[in-house]
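Chemist: My file is work.txt. It has compact mmCIF, C-alpha atoms and all ligand atoms:
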# COMPACT_ATOMS: atom_id res chain seq x y z
CA MET A 1 0.00 0.00 0.00
CA THR A 2 1.42 3.41 -0.97
CA LYS A 3 0.28 5.85 1.59
CA VAL A 4 2.55 8.86 2.09
CA ILE A 5 2.77 10.22 5.61
CA LEU A 6 4.59 13.42 6.51
CA LYS A 7 5.00 13.89 10.26
CA LYS A 8 6.04 17.18 11.85
CA ILE A 9 8.25 18.22 8.93
CA TYR A 10 10.56 21.18 9.45
CA LYS A 11 12.97 22.69 6.94
CA SER A 12 15.32 25.59 7.53
CA PHE A 13 18.02 27.13 5.40
CA PRO A 14 20.90 29.22 6.69
CA ASP A 15 20.34 32.78 5.48
CA LEU A 16 23.70 33.32 3.78
CA HIS A 17 22.81 36.66 2.20
CA GLN A 18 21.54 38.39 5.29
CA LYS A 19 22.49 42.04 5.60
CA LYS A 20 24.21 43.01 8.80
CA SER A 21 22.63 45.96 10.50
CA PRO A 22 24.97 48.88 11.29
CA ILE A 23 24.39 48.21 15.00
CA GLU A 24 25.69 44.64 14.61
CA ASP A 25 28.80 45.98 12.86
CA LEU A 26 29.52 48.20 15.83
CA ASN A 27 28.84 45.46 18.33
CA PRO A 28 31.95 43.29 18.69
CA THR A 29 30.08 40.59 20.65
CA SER A 30 27.58 39.81 17.88
CA SER A 31 28.35 36.48 16.21
CA ASP A 32 29.10 36.02 12.53
CA GLN A 33 26.89 32.91 12.35
CA PRO A 34 24.33 33.20 9.57
CA SER A 35 20.77 33.34 10.85
CA ILE A 36 18.30 30.59 9.98
CA THR A 37 15.29 30.97 7.67
CA HIS A 38 12.49 28.60 8.58
CA ILE A 39 10.83 27.56 5.33
CA LEU A 40 8.56 24.75 6.52
CA ARG A 41 7.10 24.51 9.99
CA SER A 42 5.36 21.51 11.54
CA ILE A 43 3.90 20.05 8.37
CA ASP A 44 1.57 17.08 8.97
CA LEU A 45 0.10 15.59 5.82
CA THR A 46 -1.19 12.14 4.90
CA ILE A 47 -1.84 11.24 1.27
CA GLU A 48 -3.94 8.10 1.07
CA ASP A 49 -3.19 5.23 -1.30
CA GLY A 50 -4.24 6.29 -4.83
CA GLU A 51 -5.30 9.75 -3.70
CA PHE A 52 -4.80 12.92 -5.78
CA MET A 53 -3.73 15.53 -3.24
CA VAL A 54 -3.23 19.13 -4.38
CA LEU A 55 -0.91 21.39 -2.43
CA VAL A 56 -1.85 24.99 -3.11
CA GLY A 57 -0.44 28.25 -1.81
CA PRO A 58 1.06 31.57 -2.90
CA SER A 59 4.51 31.90 -4.44
CA GLY A 60 7.31 31.34 -1.95
CA CYS A 61 5.22 29.55 0.70
CA GLY A 62 7.38 26.40 0.51
CA LYS A 63 5.49 24.07 -1.86
CA SER A 64 8.47 23.08 -4.02
CA THR A 65 10.64 22.68 -0.95
CA LEU A 66 8.15 20.17 0.48
CA LEU A 67 8.07 18.26 -2.79
CA ARG A 68 11.85 18.20 -3.01
CA LEU A 69 12.03 16.83 0.54
CA LEU A 70 9.67 14.03 -0.45
CA ALA A 71 11.71 13.25 -3.57
CA GLY A 72 14.90 13.20 -1.50
CA LEU A 73 16.46 16.21 -3.24
CA GLU A 74 16.68 18.14 0.04
CA THR A 75 17.44 16.94 3.55
CA LEU A 76 14.97 17.33 6.38
CA THR A 77 15.70 19.59 9.33
CA ALA A 78 13.27 17.56 11.45
CA GLY A 79 10.36 15.19 11.02
CA GLU A 80 9.56 11.87 9.36
CA ILE A 81 8.57 10.84 5.84
CA TRP A 82 6.87 7.46 5.53
CA LEU A 83 6.13 5.63 2.30
CA GLY A 84 3.74 2.87 3.32
CA ASP A 85 5.47 1.12 6.22
CA HIS A 86 8.94 2.43 5.37
CA LEU A 87 10.61 5.43 6.93
CA ILE A 88 12.44 6.99 3.94
CA ASN A 89 14.09 10.01 5.59
CA ASN A 90 17.57 8.86 4.66
CA LEU A 91 16.89 6.99 1.45
CA PRO A 92 18.63 8.47 -1.67
CA PRO A 93 16.25 9.78 -4.38
CA LYS A 94 16.66 6.91 -6.82
CA LYS A 95 15.74 4.34 -4.16
CA ARG A 96 12.49 6.10 -3.24
CA ASP A 97 10.35 4.86 -6.16
CA ILE A 98 8.92 8.35 -6.50
CA ALA A 99 8.77 10.13 -9.88
CA MET A 100 8.76 13.89 -10.12
CA VAL A 101 7.47 16.09 -12.96
CA PHE A 102 8.90 19.62 -13.02
CA GLN A 103 7.47 22.88 -14.28
CA ASN A 104 10.21 23.32 -16.91
CA TYR A 105 9.88 19.74 -18.29
CA ALA A 106 13.62 19.01 -17.82
CA LEU A 107 13.93 16.94 -21.01
CA TYR A 108 17.35 15.98 -22.45
CA PRO A 109 17.65 18.26 -25.51
CA HIS A 110 19.94 15.94 -27.49
CA LEU A 111 17.75 12.84 -27.06
CA ASN A 112 14.59 12.16 -29.04
CA VAL A 113 11.29 11.52 -27.29
CA TYR A 114 11.78 7.74 -27.26
CA ASP A 115 15.18 8.03 -25.62
CA ASN A 116 13.94 10.67 -23.20
CA LEU A 117 11.27 8.22 -22.07
CA ALA A 118 13.72 5.30 -22.04
CA PHE A 119 16.52 7.12 -20.21
CA GLY A 120 15.44 6.54 -16.63
CA LEU A 121 14.20 3.06 -17.45
CA ARG A 122 17.58 1.88 -18.71
CA ARG A 123 19.16 2.22 -15.29
CA MET A 124 16.11 0.87 -13.52
CA ILE A 125 15.76 -2.20 -15.72
CA LYS A 126 19.48 -2.95 -15.60
CA ASP A 127 19.02 -3.66 -11.90
CA GLU A 128 15.92 -5.80 -12.45
CA ILE A 129 16.25 -9.54 -11.97
CA LEU A 130 15.84 -11.16 -15.37
CA PRO A 131 14.04 -14.45 -15.96
CA SER A 132 16.53 -17.26 -15.35
CA GLU A 133 16.97 -18.29 -19.03
CA ASN A 134 18.02 -14.70 -19.87
CA ASN A 135 20.21 -14.40 -16.88
CA HIS A 136 22.43 -17.33 -17.82
CA ILE A 137 26.01 -16.13 -18.33
CA PHE A 138 26.16 -17.61 -21.82
CA ASN A 139 22.93 -15.85 -22.87
CA ARG A 140 24.14 -12.58 -21.46
CA ILE A 141 27.39 -12.75 -23.42
CA ILE A 142 25.56 -13.59 -26.67
CA GLN A 143 23.12 -10.72 -26.10
CA LYS A 144 25.99 -8.32 -25.45
CA ILE A 145 27.82 -9.38 -28.64
CA LEU A 146 24.70 -9.14 -30.81
CA THR A 147 23.83 -5.71 -29.40
CA THR A 148 27.35 -4.41 -30.03
CA ILE A 149 27.59 -5.83 -33.57
CA THR A 150 24.20 -4.49 -34.69
CA ARG A 151 24.49 -1.08 -33.04
CA PRO A 152 25.67 0.70 -36.26
CA PHE A 153 22.70 -0.77 -38.22
CA PRO A 154 19.52 1.20 -38.87
CA LYS A 155 17.23 1.08 -35.83
CA LYS A 156 14.85 -1.52 -37.25
CA LEU A 157 17.65 -4.03 -37.85
CA ARG A 158 19.32 -3.65 -34.46
CA TYR A 159 19.27 -6.55 -32.04
CA LEU A 160 17.20 -5.79 -28.96
CA SER A 161 18.36 -7.32 -25.72
CA PHE A 162 15.82 -8.59 -23.23
CA GLN A 163 16.18 -5.33 -21.30
CA GLU A 164 15.68 -3.20 -24.40
CA LYS A 165 12.53 -5.14 -25.25
CA ARG A 166 11.17 -4.46 -21.77
CA ILE A 167 12.06 -0.78 -22.14
CA ARG A 168 10.37 -0.60 -25.53
CA GLU A 169 7.20 -2.15 -24.08
CA LYS A 170 7.09 0.41 -21.29
CA VAL A 171 7.89 3.37 -23.55
CA TYR A 172 5.15 2.42 -26.04
CA LYS A 173 2.65 1.83 -23.26
CA SER A 174 3.10 5.29 -21.76
CA ALA A 175 3.36 6.93 -25.20
CA GLN A 176 0.02 5.35 -26.06
CA LEU A 177 -1.56 6.53 -22.82
CA LEU A 178 -0.45 10.10 -23.50
CA GLN A 179 -1.06 9.97 -27.26
CA ILE A 180 2.49 10.88 -28.19
CA GLU A 181 3.32 7.76 -30.24
CA SER A 182 3.73 9.83 -33.40
CA LEU A 183 6.31 12.05 -31.70
CA LEU A 184 8.74 9.37 -30.55
CA ASN A 185 11.43 10.26 -33.12
CA ARG A 186 11.34 14.01 -32.53
CA LEU A 187 13.80 16.06 -30.51
CA PRO A 188 12.39 18.23 -27.68
CA LYS A 189 13.05 21.41 -29.71
CA GLU A 190 10.62 20.09 -32.34
CA LEU A 191 7.76 19.85 -29.82
CA SER A 192 5.16 22.36 -28.63
CA GLY A 193 4.91 23.25 -24.92
CA GLY A 194 1.95 20.91 -24.42
CA GLN A 195 3.74 18.04 -26.16
CA LYS A 196 6.88 18.59 -24.09
CA GLN A 197 4.77 18.49 -20.97
CA ARG A 198 3.23 15.19 -22.03
CA VAL A 199 6.69 13.74 -22.65
CA ALA A 200 7.73 14.86 -19.17
CA LEU A 201 4.64 13.15 -17.78
CA GLY A 202 5.38 10.08 -19.88
CA ARG A 203 8.83 9.85 -18.39
CA ALA A 204 7.33 9.75 -14.91
CA ILE A 205 4.59 7.29 -15.90
CA SER A 206 6.86 4.83 -17.70
CA ARG A 207 8.79 4.31 -14.47
CA ASP A 208 5.57 3.04 -12.92
CA PRO A 209 6.45 4.60 -9.55
CA GLN A 210 4.60 4.29 -6.26
CA VAL A 211 4.14 8.05 -6.03
CA PHE A 212 3.95 10.94 -8.50
CA LEU A 213 5.09 14.40 -7.48
CA MET A 214 4.15 17.20 -9.85
CA ASP A 215 5.48 20.72 -9.40
CA GLU A 216 3.29 23.21 -11.30
CA PRO A 217 3.50 21.10 -14.46
CA LEU A 218 0.99 23.23 -16.39
CA SER A 219 2.23 26.73 -15.72
CA ASN A 220 4.11 27.03 -19.04
CA LEU A 221 1.00 26.25 -21.09
CA ASP A 222 -1.57 28.67 -22.47
CA ALA A 223 -5.01 28.81 -20.86
CA LYS A 224 -6.81 26.47 -23.28
CA LEU A 225 -4.09 23.83 -23.27
CA ARG A 226 -3.85 24.10 -19.51
CA ALA A 227 -7.54 23.29 -19.14
CA ASP A 228 -7.26 20.31 -21.53
CA THR A 229 -4.10 18.93 -19.95
CA ARG A 230 -5.62 19.43 -16.49
CA SER A 231 -8.42 17.01 -17.22
CA GLN A 232 -6.04 14.60 -18.98
CA ILE A 233 -3.84 14.43 -15.89
CA VAL A 234 -6.84 13.77 -13.67
CA GLN A 235 -8.11 10.98 -15.95
CA LEU A 236 -4.64 9.48 -16.18
CA GLN A 237 -4.19 9.52 -12.44
CA LYS A 238 -7.54 7.79 -11.93
CA LYS A 239 -6.60 5.15 -14.51
CA LEU A 240 -3.18 4.47 -12.99
CA ASN A 241 -4.42 4.97 -9.42
CA THR A 242 -0.98 6.20 -8.35
CA THR A 243 -0.74 8.23 -5.15
CA THR A 244 -0.10 11.82 -6.31
CA LEU A 245 0.97 15.10 -4.76
CA TYR A 246 0.35 17.96 -7.18
CA VAL A 247 1.66 21.44 -6.45
CA THR A 248 0.11 24.61 -7.83
CA HIS A 249 -0.54 28.22 -6.92
CA ASP A 250 -3.66 28.24 -9.09
CA GLN A 251 -6.84 27.83 -7.09
CA THR A 252 -8.81 26.64 -10.17
CA GLU A 253 -6.40 23.73 -10.62
CA ALA A 254 -6.71 22.92 -6.94
CA MET A 255 -10.52 23.00 -7.00
CA THR A 256 -10.88 20.95 -10.18
CA MET A 257 -8.14 18.35 -9.80
CA GLY A 258 -7.76 17.33 -6.19
CA ASP A 259 -9.57 14.63 -4.23
CA ARG A 260 -8.40 16.81 -1.35
CA ILE A 261 -6.62 20.15 -1.16
CA ALA A 262 -3.97 21.20 1.33
CA VAL A 263 -3.82 25.01 1.55
CA MET A 264 -0.43 26.33 2.56
CA ASP A 265 0.88 29.74 3.59
CA GLN A 266 4.26 30.81 4.94
CA GLY A 267 5.54 27.29 5.47
CA GLN A 268 2.47 25.94 7.24
CA ILE A 269 -0.54 23.94 6.14
CA LEU A 270 -3.70 25.79 7.15
CA GLN A 271 -6.43 23.38 6.04
CA ILE A 272 -6.72 19.96 4.41
CA ALA A 273 -10.13 19.01 3.03
CA PRO A 274 -12.05 18.13 -0.15
CA PRO A 275 -12.41 21.13 -2.53
CA LEU A 276 -16.02 21.98 -1.78
CA GLU A 277 -15.54 21.73 1.94
CA ILE A 278 -12.70 24.25 1.71
CA TYR A 279 -14.89 26.50 -0.44
CA HIS A 280 -17.91 26.34 1.88
CA ASN A 281 -16.13 26.11 5.17
CA PRO A 282 -12.72 27.84 5.16
CA VAL A 283 -10.90 27.82 8.51
CA ASN A 284 -9.62 31.37 8.30
CA ARG A 285 -9.53 34.51 6.23
CA PHE A 286 -6.47 33.45 4.24
CA VAL A 287 -8.07 30.21 3.02
CA ALA A 288 -11.38 31.99 2.38
CA GLN A 289 -9.63 34.56 0.22
CA PHE A 290 -7.31 32.17 -1.59
CA ILE A 291 -9.90 29.61 -2.68
CA GLY A 292 -12.69 30.90 -4.91
CA SER A 293 -12.46 33.26 -7.87
CA PRO A 294 -13.06 36.17 -7.79
CA PRO A 295 -12.14 36.10 -4.10
CA MET A 296 -14.49 36.49 -1.16
CA ASN A 297 -15.39 40.05 -0.02
CA PHE A 298 -14.58 41.06 3.54
CA LEU A 299 -16.35 43.78 5.49
CA GLU A 300 -15.69 44.98 9.00
CA VAL A 301 -19.06 44.92 10.82
CA ILE A 302 -20.24 45.50 14.39
CA VAL A 303 -22.31 42.86 16.19
CA GLU A 304 -25.42 44.37 17.77
CA GLY A 305 -27.89 41.81 19.12
CA LYS A 306 -28.99 39.81 16.12
CA PHE A 307 -27.79 42.43 13.64
CA LEU A 308 -24.51 43.04 11.88
CA ILE A 309 -24.02 46.75 11.32
CA ILE A 310 -22.25 47.80 8.14
CA ASP A 311 -20.71 51.25 7.92
CA ALA A 312 -22.51 52.36 11.10
CA TYR A 313 -25.85 52.44 9.30
CA PHE A 314 -26.94 49.39 7.30
CA LYS A 315 -28.22 46.34 9.17
CA ILE A 316 -28.13 42.67 8.29
CA GLU A 317 -30.27 40.39 10.44
CA ILE A 318 -28.57 37.07 11.00
CA ASN A 319 -30.00 33.59 11.49
CA ASN A 320 -30.40 32.19 14.99
CA GLU A 321 -27.78 29.50 14.33
CA TYR A 322 -25.10 32.22 14.10
CA LEU A 323 -26.25 34.03 17.24
CA GLU A 324 -24.82 31.71 19.86
CA LYS A 325 -21.36 31.85 18.27
CA LEU A 326 -21.54 35.64 18.29
CA ASN A 327 -22.26 36.00 22.01
CA PRO A 328 -18.63 36.80 22.92
CA TYR A 329 -18.50 39.41 20.16
CA GLN A 330 -21.53 41.51 21.11
CA GLY A 331 -20.72 45.21 20.66
CA GLN A 332 -17.45 44.40 18.90
CA SER A 333 -16.18 44.40 15.34
CA ILE A 334 -15.84 41.18 13.37
CA LEU A 335 -15.16 40.34 9.71
CA LEU A 336 -18.07 39.43 7.50
CA GLY A 337 -17.11 37.32 4.45
CA ILE A 338 -19.40 37.14 1.41
CA ARG A 339 -18.56 35.52 -1.89
CA PRO A 340 -19.42 37.52 -5.05
CA GLU A 341 -22.02 34.88 -5.99
CA HIS A 342 -23.91 35.26 -2.72
CA PHE A 343 -25.59 38.62 -3.31
CA ASN A 344 -29.11 39.20 -4.63
CA LEU A 345 -30.39 42.19 -6.55
CA ASN A 346 -33.49 43.57 -4.83
CA ASP A 347 -35.91 46.43 -4.74
CA ARG A 348 -35.08 49.12 -2.21
CA GLU A 349 -37.33 47.92 0.64
CA ASN A 350 -36.03 44.35 0.61
CA SER A 351 -32.35 45.11 0.16
CA HIS A 352 -29.59 45.45 2.72
CA PHE A 353 -27.76 48.38 1.16
CA PRO A 354 -27.51 50.51 -2.01
CA VAL A 355 -24.31 50.48 -4.07
CA ILE A 356 -22.94 52.36 -7.05
CA VAL A 357 -21.56 50.40 -10.03
CA ASP A 358 -17.91 51.18 -10.69
CA VAL A 359 -16.82 48.50 -13.20
CA VAL A 360 -18.86 46.04 -15.30
CA GLU A 361 -17.28 42.80 -16.55
CA ALA A 362 -19.76 40.96 -18.75
CA LEU A 363 -18.38 37.50 -19.55
CA GLY A 364 -21.43 36.26 -21.42
CA ASN A 365 -22.43 33.49 -19.04
CA GLU A 366 -22.16 35.74 -16.00
CA THR A 367 -21.44 39.36 -15.13
CA TYR A 368 -19.16 40.65 -12.40
CA LEU A 369 -19.54 44.12 -10.97
CA SER A 370 -17.14 46.15 -8.88
CA VAL A 371 -19.34 48.36 -6.72
CA TYR A 372 -18.94 50.67 -3.75
CA LEU A 373 -21.34 51.52 -1.00
CA LYS A 374 -23.42 54.59 -1.75
CA ASP A 375 -21.84 57.45 0.22
CA ASN A 376 -18.71 55.47 1.05
CA PHE A 377 -16.35 55.17 -1.87
CA GLU A 378 -13.85 53.16 0.19
CA LEU A 379 -16.17 50.25 0.90
CA LYS A 380 -15.77 48.21 -2.27
CA LEU A 381 -17.34 44.87 -3.19
CA LYS A 382 -17.19 42.39 -6.05
CA VAL A 383 -20.63 41.09 -7.00
CA ARG A 384 -21.81 38.44 -9.46
CA ILE A 385 -25.13 39.11 -11.19
CA PRO A 386 -27.13 37.19 -13.81
CA PRO A 387 -25.95 37.95 -17.38
CA GLU A 388 -29.41 39.07 -18.50
CA PHE A 389 -29.42 41.90 -15.96
CA PHE A 390 -28.17 45.03 -17.72
CA VAL A 391 -26.28 47.65 -15.70
CA LYS A 392 -23.84 50.36 -16.56
CA ILE A 393 -21.15 52.32 -14.73
CA GLY A 394 -22.62 54.86 -12.31
CA ASP A 395 -25.95 52.99 -11.84
CA LEU A 396 -27.33 52.67 -8.33
CA ILE A 397 -28.45 49.14 -7.46
CA ASN A 398 -29.84 47.62 -4.26
CA LEU A 399 -28.15 44.54 -2.94
CA SER A 400 -29.01 41.99 -0.32
CA VAL A 401 -26.72 39.41 1.17
CA GLN A 402 -27.77 35.73 1.13
CA ILE A 403 -27.65 35.44 4.89
CA ASP A 404 -27.49 31.67 4.94
CA LYS A 405 -24.23 31.87 2.92
CA ILE A 406 -22.18 34.27 5.02
CA HIS A 407 -18.87 33.59 6.79
CA LEU A 408 -17.82 35.25 10.03
CA PHE A 409 -14.21 35.69 11.12
CA ASP A 410 -12.51 37.10 14.19
CA LEU A 411 -11.14 40.52 13.26
CA TYR A 412 -7.78 39.98 14.98
CA THR A 413 -6.97 36.25 14.75
CA GLU A 414 -8.79 36.04 11.38
CA LYS A 415 -9.98 32.57 12.40
CA ARG A 416 -13.45 31.36 11.51
CA ILE A 417 -16.22 32.12 13.98
CA TYR A 418 -18.88 30.56 11.81
CA SER A 419 -19.43 29.39 8.21
CA HIS A 420 -22.76 28.50 6.70
CA ALA A 421 -21.73 24.93 5.98
CA GLN A 422 -20.39 24.30 9.45
CA ASN A 423 -22.15 21.69 11.55
N1 LIG B 501 18.28 26.42 -1.12
C1 LIG B 501 17.65 27.43 -0.54
N2 LIG B 501 18.29 28.27 0.31
C2 LIG B 501 17.65 29.29 0.94
N3 LIG B 501 16.34 29.55 0.77
C3 LIG B 501 15.65 28.78 -0.06
C4 LIG B 501 16.23 27.68 -0.76
N4 LIG B 501 15.27 27.07 -1.50
C5 LIG B 501 14.15 27.77 -1.29
N5 LIG B 501 14.35 28.79 -0.44
C6 LIG B 501 13.34 29.77 0.04
O1 LIG B 501 12.27 29.02 0.56
C7 LIG B 501 11.04 29.67 0.30
C8 LIG B 501 10.09 28.68 -0.33
O2 LIG B 501 10.55 28.33 -1.60
P1 LIG B 501 9.77 27.33 -2.54
O3 LIG B 501 10.54 27.20 -3.81
O4 LIG B 501 9.49 26.08 -1.79
O5 LIG B 501 8.41 28.14 -2.78
P2 LIG B 501 7.16 27.75 -3.66
O6 LIG B 501 5.98 27.70 -2.75
O7 LIG B 501 7.45 26.54 -4.48
O8 LIG B 501 7.00 29.04 -4.60
P3 LIG B 501 6.65 29.14 -6.15
O9 LIG B 501 5.14 29.04 -6.24
O10 LIG B 501 7.11 30.51 -6.52
O11 LIG B 501 7.35 28.05 -6.89
C9 LIG B 501 11.36 30.87 -0.57
O12 LIG B 501 11.34 32.00 0.24
C10 LIG B 501 12.76 30.57 -1.08
O13 LIG B 501 13.44 31.77 -1.28
MG MG B 502 7.74 26.20 -6.55
Kindly return the structure encoded in the file as structure tokens.

Modeler:
Amino acid sequence: MTKVILKKIYKSFPDLHQKKSPIEDLNPTSSDQPSITHILRSIDLTIEDGEFMVLVGPSGCGKSTLLRLLAGLETLTAGEIWLGDHLINNLPPKKRDIAMVFQNYALYPHLNVYDNLAFGLRRMIKDEILPSENNHIFNRIIQKILTTITRPFPKKLRYLSFQEKRIREKVYKSAQLLQIESLLNRLPKELSGGQKQRVALGRAISRDPQVFLMDEPLSNLDAKLRADTRSQIVQLQKKLNTTTLYVTHDQTEAMTMGDRIAVMDQGQILQIAPPLEIYHNPVNRFVAQFIGSPPMNFLEVIVEGKFLIIDAYFKIEINNEYLEKLNPYQGQSILLGIRPEHFNLNDRENSHFPVIVDVVEALGNETYLSVYLKDNFELKLKVRIPPEFFVKIGDLINLSVQIDKIHLFDLYTEKRIYSHAQN
């Protein structure tokens, strides 16, 4: 069983480029030891057998570092990495049976697609135990001689050793899966970005590893190709059922690809859950803002009895289920979170507040408005409205909030007080 378990992972790098402050220069007792940058802190993550886990977070939060630790390309500062029942902390990369796909493809430019796919396999298969009749010393010598003699011949006439036959089988199988059979004789420079990416995937697949690690493999592709390749990768992963950790900073990829998503920020994992649970029930403001596009709106409001007061004037009456959670916050400010899709357009009497339209983005299937509260230019909101509703810049419209869809966060800790989907 290939379950991946990360326990209390820490990673720090010495900060070699730190600038000394003038005070330190004057202070003879200060040490010259470089300070430490903590990149990953207390990461706990379990990826179940066959699961597609997406690790998502902003640039620089430590996603690639975590992947490189798993692949064995970096050493841990503290913690444990388990692959099934094996602790692999100290295992070299090639013994880990983990294949990694990088953002920049990392293909060998002088090898054609076939040889790029075969490259890693050659070393792997050399170490495989051959069936006994092939392993006989006499057979091995004959195979070696025939391979050497026929090497200068055209490819079709060359003798293929038992190993080469096995390699060919594997290469063709993964080329077929990725529909790149017609490209096997081409050099990487003769391929498009999407084709290169499929070759890079093929190289990982043909190794038939226990775990796939993918580091933003789609970020070099244009939007259309990215969407196509996204669904191909998901289908492929389901077919192969290989435990996968996929890294991205794109929330759409996270929402559409993962069985579960781990949201990361500043070296820590903030929430691990299936996509829709993260969307409906984010643990804090960061997750709420990061997942969902366009992002959630946040308003500072004051709790007064069963009302939330916006901008000292407009009132939103909340459901009873929220009330109990708000007891400690009576008379205080909290953060109200509302997604752009959770507003309604209303007549004046039934609305919560009037707004002025600032920007209109009509996408055809839906329309997004940037609006600000009437009489308060600084209180801006992003609102989704039905495409058939026609508005123009400067219009006044009346909005109400879908009160069963709101999220409440502590103003200072930014942690969730209540989300509509919370039980
Ligand atoms: N070898 C290193 N020495 C010092 N700092 C490093 C090293 N490798 C990475 N870092 C730092 O660790 C942090 C996390 O880097 P990492 O590459 O893991 O981010 P990331 O989440 O993959 O970002 P991106 O989305 O931009 O790829 C960054 O601040 C980076 O500068
Ligand atoms: Mg990265």

Chemist: Extending 4 Å beyond the listed atoms of stretch 250-255 of chain A on each side, what axis-aligned box results? I want centre and edge lengths in Å to one decimal, as JSON.

Modeler:
{"center_x": -7.1, "center_y": 25.6, "center_z": -8.8, "size_x": 14.9, "size_y": 13.3, "size_z": 11.7}

Chemist: Which residues sit within 7 Å of ligand MG 502 (chain B), counting only C-alpha atoms and all ligand atoms, listed as a PyMOL selection string?

Modeler: chain A and resi 59-60+63-64+215

Chemist: Pick out the closest residue to A:Ile88 from this set: A:Arg158, A:Arg151, A:Lys7, A:Lys144. Count only C-alpha atoms.

Modeler: A:Lys7

Chemist: Quote the spacing between atom CA of A:His38 and atom CA of A:Pro92 in Å to one decimal place.

Modeler: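 Distance reported for this atom pair: 23.4 Å.
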
Chemist: Need to verify the contact set: A:Gln330, 7 Å, all atoms listed in the file, exclusion of same-chain residues closer than 6 positions in sequence. Can you return it as a PyMOL selection string?

Modeler: chain A and resi 303-305

Chemist: Please, what distance in Å, to one decimal, runs between atom CA of A:Tyr412 and atom CA of A:Glu300?

Modeler: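 Pair atom CA of A:Tyr412 / atom CA of A:Glu300 returns 11.1 Å.
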
Chemist: Could you tell me, counting all atoms listed in the file, which protein and nucleic acid residues lie no more than 7 Å from ligand LIG 501 (chain B), written as JSON, numbers by chain?

Modeler: {"A": [13, 14, 15, 39, 57, 58, 59, 60, 61, 62, 63, 64, 65, 66, 248, 249]}

Chemist: Counting all atoms listed in the file, which of A:Gln176, A:Ser219, A:Ser161, A:Thr244 gets nearest to A:Gly194?

Modeler: A:Ser219

Chemist: If you count all atoms listed in the file, which residues fall within 8 Å of A:Ala262, apart from same-chain ones fewer than 2 positions away, as a VMD selection string?

Modeler: chain A and resid 53 to 56 260 264 269 to 273

Chemist: Env of A:Pro217: 9 Å cut, atoms = all atoms listed in the file, seq-sep filter 6 positions within chain, self excluded. Answer as a PyMOL selection string.

Modeler: chain A and resi 101-105+197+200-201+246-248

Chemist: Which one is closest to A:Ile98: A:Pro354, A:Pro209, A:Pro275, A:Pro295? Count all atoms listed in the file.

Modeler: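 Closest candidate: A:Pro209.
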
Chemist: So how many Å separate atom CA of A:Leu187 and atom CA of A:Gly120, to one decimal?

Modeler: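 It comes out at 16.9 Å.
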
Chemist: Determine the nearest neighbour of A:Asp311 from the options A:Asn297, A:Ser12, A:Asn376, A:Gln251, counting only C-alpha atoms.

Modeler: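 Distance minimum relative to A:Asp311 lands on A:Asn376.
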